[in-house]
Amino acid sequence: MTQDSPSLKDLHVVGNGVSSASSTTFSSTAPFPPSETNYTTTSTTDMATSSVSKIVSQPRSLAEVCAALRAKLLAFLALHSNDETVQGTQRRARDAMEVIEEALRRYRPEELSLSYNGGKDCLVLLILILACWPASLQPPSSSSSSSSSSISNSSKQTLPRLQCIYIAPPDPFQEVEDFVATTTEEYHLDLARYALPMRQALDCYLDEKPHVKAVFMGTRRTDPHSEFLASFTPTDKGWPQFMRINPVLDWHYVEIWTFIRQLDIPFCSLYSQGFSSLGGTKDTRPNPALALNAEGNKFRPAYELTRDDEERLGRDR
């Protein structure tokens with residue numbers, strides 16, 4: 001369903017969420033600012049391998065999480081930079097927010113879901129959605145601007161959780177499973193996990209959630225069979241019917257990582273080990289374009305890759 005979403009087998013559903021993993025597998029180039037910290041950061045000399053371990057403070061409410069993410073996003077959008085990649089990512093983020101806000105006008109929260117597998121693309125999309133989530137649920141007279149009062153008010157709201165579907169491969173990486181579990185808890189996601197072929201998983205999900213009419217996708221134009229998609233595209237004939245919403249469709253690989261790093265968003269630790277696209281253990285390996293030596297046993301982190309056409313060099317399919 002996205003670049004980091006493989007096909008699957010064997011059903012396993014985790015009701016309204018995923019239990020917390022015993023050890024988390026976040027990575028980030030920098031920790032959350034102190035005012036937002038929910039983690040202890042293990043520092044190393046190589047910031048690409050720094051990891052975020054266990055949640056140690058009182059968990060934040062969904063409204064608080066959304067308000068913190070919106071503040072981060074608005075600060076990034078207000079950043080004055082001469083870096084063309086940063087400027088381009090700011091434009092992409094604004095465009096994506098317009099698509100998300102349009103979706104939130106068209107559909108009620110219970111009619112929306114997110115295809116989420118812990119990969120970089122859907123992670124960016126998750127952050128963008130949650131940053132827009134409380135503002136979209138305010139009365140029409142309320143402003144969703146960057147004012148501090150708007151952010152303060154949104155942090156006091158009781159918000160519905162974002163519904164998500166995770167279609168896992170038959171041979172998932174434990175790091176991905178742990179990351180999905182931990183982010184499900186941290187971002188208060190209402191997640192159902194399936195390990196089925198994609199079409200069967202979608203059938204099961206829509207049977208259980210018949211009110212879902214649209215699914216946010218982390219699909220990008222460079223993904224297989226995605227070159228002709230639009231921001232709002234119904235599923236093809238013969239597939240379970242819903243509207244596919246594609247807010248990050250025109251993002252480039254480097255913009256995905258610029259967004260993650262500029263906002264200091266924790267990400268799956270496999271990306272620090274040279275993986276640039278995540279599937280299952282049998283068809284995914286570190287990207288050879290990121291190799292540091294001839295033996296191919298040391299790799300640069302995924303965010304040091306710059307070319308879209310090299311993103312899937314570590315994937316067999």
# chains A, B, ... in the order shown; residues from 1 in each chain; ligands from 1

call {"tool": "closest_atom_pairs", "arguments": {"of": "segment 192-306 of chain A", "to": "segment 125-134 of chain A", "cutoff": "9 Å", "atoms": "only C-alpha atoms", "output": "Markdown table"}}
result
| residue | atom | partner | partner_atom | distance |
| --- | --- | --- | --- | --- |
| A:Phe216 | CA | A:Leu125 | CA | 8.1 |
| A:Met217 | CA | A:Leu125 | CA | 7.9 |
| A:Gly218 | CA | A:Leu125 | CA | 6.2 |
| A:Pro247 | CA | A:Leu125 | CA | 7.3 |
| A:Val248 | CA | A:Leu125 | CA | 7.0 |
| A:Ile265 | CA | A:Ile127 | CA | 8.5 |

call {"tool": "residues_around", "arguments": {"residues": "segment 233-242 of chain A", "least_positions_apart": "5", "cutoff": "8 Å", "atoms": "only C-alpha atoms", "output": "PyMOL selection string"}}
result
chain A and resi 199+202-203+206+212-215

call {"tool": "write_last_selection", "arguments": {"atoms": "C-alpha atoms", "output": "PDB file, in the first residue's frame"}}
result
ATOM      1  CA  ARG A 199      -6.764  -7.547  -0.375  1.00  0.00           C
ATOM      2  CA  LEU A 202      -8.579  -4.795   3.637  1.00  0.00           C
ATOM      3  CA  ASP A 203     -11.711  -6.934   3.327  1.00  0.00           C
ATOM      4  CA  LEU A 206     -13.724  -2.951   6.304  1.00  0.00           C
ATOM      5  CA  VAL A 212     -14.544   3.683   7.189  1.00  0.00           C
ATOM      6  CA  LYS A 213     -14.880   5.466   3.847  1.00  0.00           C
ATOM      7  CA  ALA A 214     -11.372   6.802   3.252  1.00  0.00           C
ATOM      8  CA  VAL A 215      -7.810   5.744   4.088  1.00  0.00           C
TER       9      VAL A 215
END

call {"tool": "closest_residue", "arguments": {"among": "A:Leu263, A:Met243, A:Leu290, A:Ala195", "to": "Leu74 of chain A", "atoms": "only C-alpha atoms"}}
result
A:Leu263

call {"tool": "select_by_dssp", "arguments": {"residues": "segment 169-213 of chain A", "states": "alpha helix (DSSP H)", "output": "PyMOL selection string"}}
result
chain A and resi 174-186+198-208

call {"tool": "closest_residue", "arguments": {"among": "A:Ala289, A:Ala181, A:Ala192, A:Leu278", "to": "Ile167 of chain A", "atoms": "only C-alpha atoms"}}
result
A:Ala192

call {"tool": "residues_around", "arguments": {"residues": "Ser276 of chain A", "least_positions_apart": "2", "cutoff": "12 Å", "atoms": "only C-alpha atoms", "output": "VMD selection string"}}
result
chain A and resid 3 to 4 119 to 121 253 to 254 256 to 257 267 to 274 278 to 279 284 to 291 299 to 315

call {"tool": "atom_distance", "arguments": {"atom1": "atom CA of Leu196 of chain A", "atom2": "atom CA of Ile165 of chain A"}}
result
11.9 Å

call {"tool": "select_by_dssp", "arguments": {"residues": "segment 76-273 of chain A", "states": "strand (DSSP E or B)", "output": "ChimeraX atom specification"}}
result
/A:112-115,163-167,190-194,214-216,232-234,243-245,267-268

call {"tool": "closest_residue", "arguments": {"among": "A:Trp251, A:Phe228, A:Tyr116, A:Phe275", "to": "Leu189 of chain A", "atoms": "only C-alpha atoms"}}
result
A:Tyr116

call {"tool": "closest_residue", "arguments": {"among": "A:Ala93, A:Ala294, A:Leu159, A:Leu104", "to": "Ile260 of chain A", "atoms": "only C-alpha atoms"}}
result
A:Ala93

call {"tool": "closest_residue", "arguments": {"among": "A:Pro160, A:Pro59, A:Gly88, A:Gly296", "to": "Thr258 of chain A", "atoms": "only C-alpha atoms"}}
result
A:Gly88

call {"tool": "residues_around", "arguments": {"residues": "segment 77-83 of chain A", "least_positions_apart": "3", "cutoff": "12 Å", "atoms": "only C-alpha atoms", "output": "PyMOL selection string"}}
result
chain A and resi 70-74+86-95+97+146+255+258-259+262-263

call {"tool": "closest_residue", "arguments": {"among": "A:Ile245, A:Leu191, A:Glu185, A:Ser277", "to": "Tyr107 of chain A", "atoms": "only C-alpha atoms"}}
result
A:Ile245
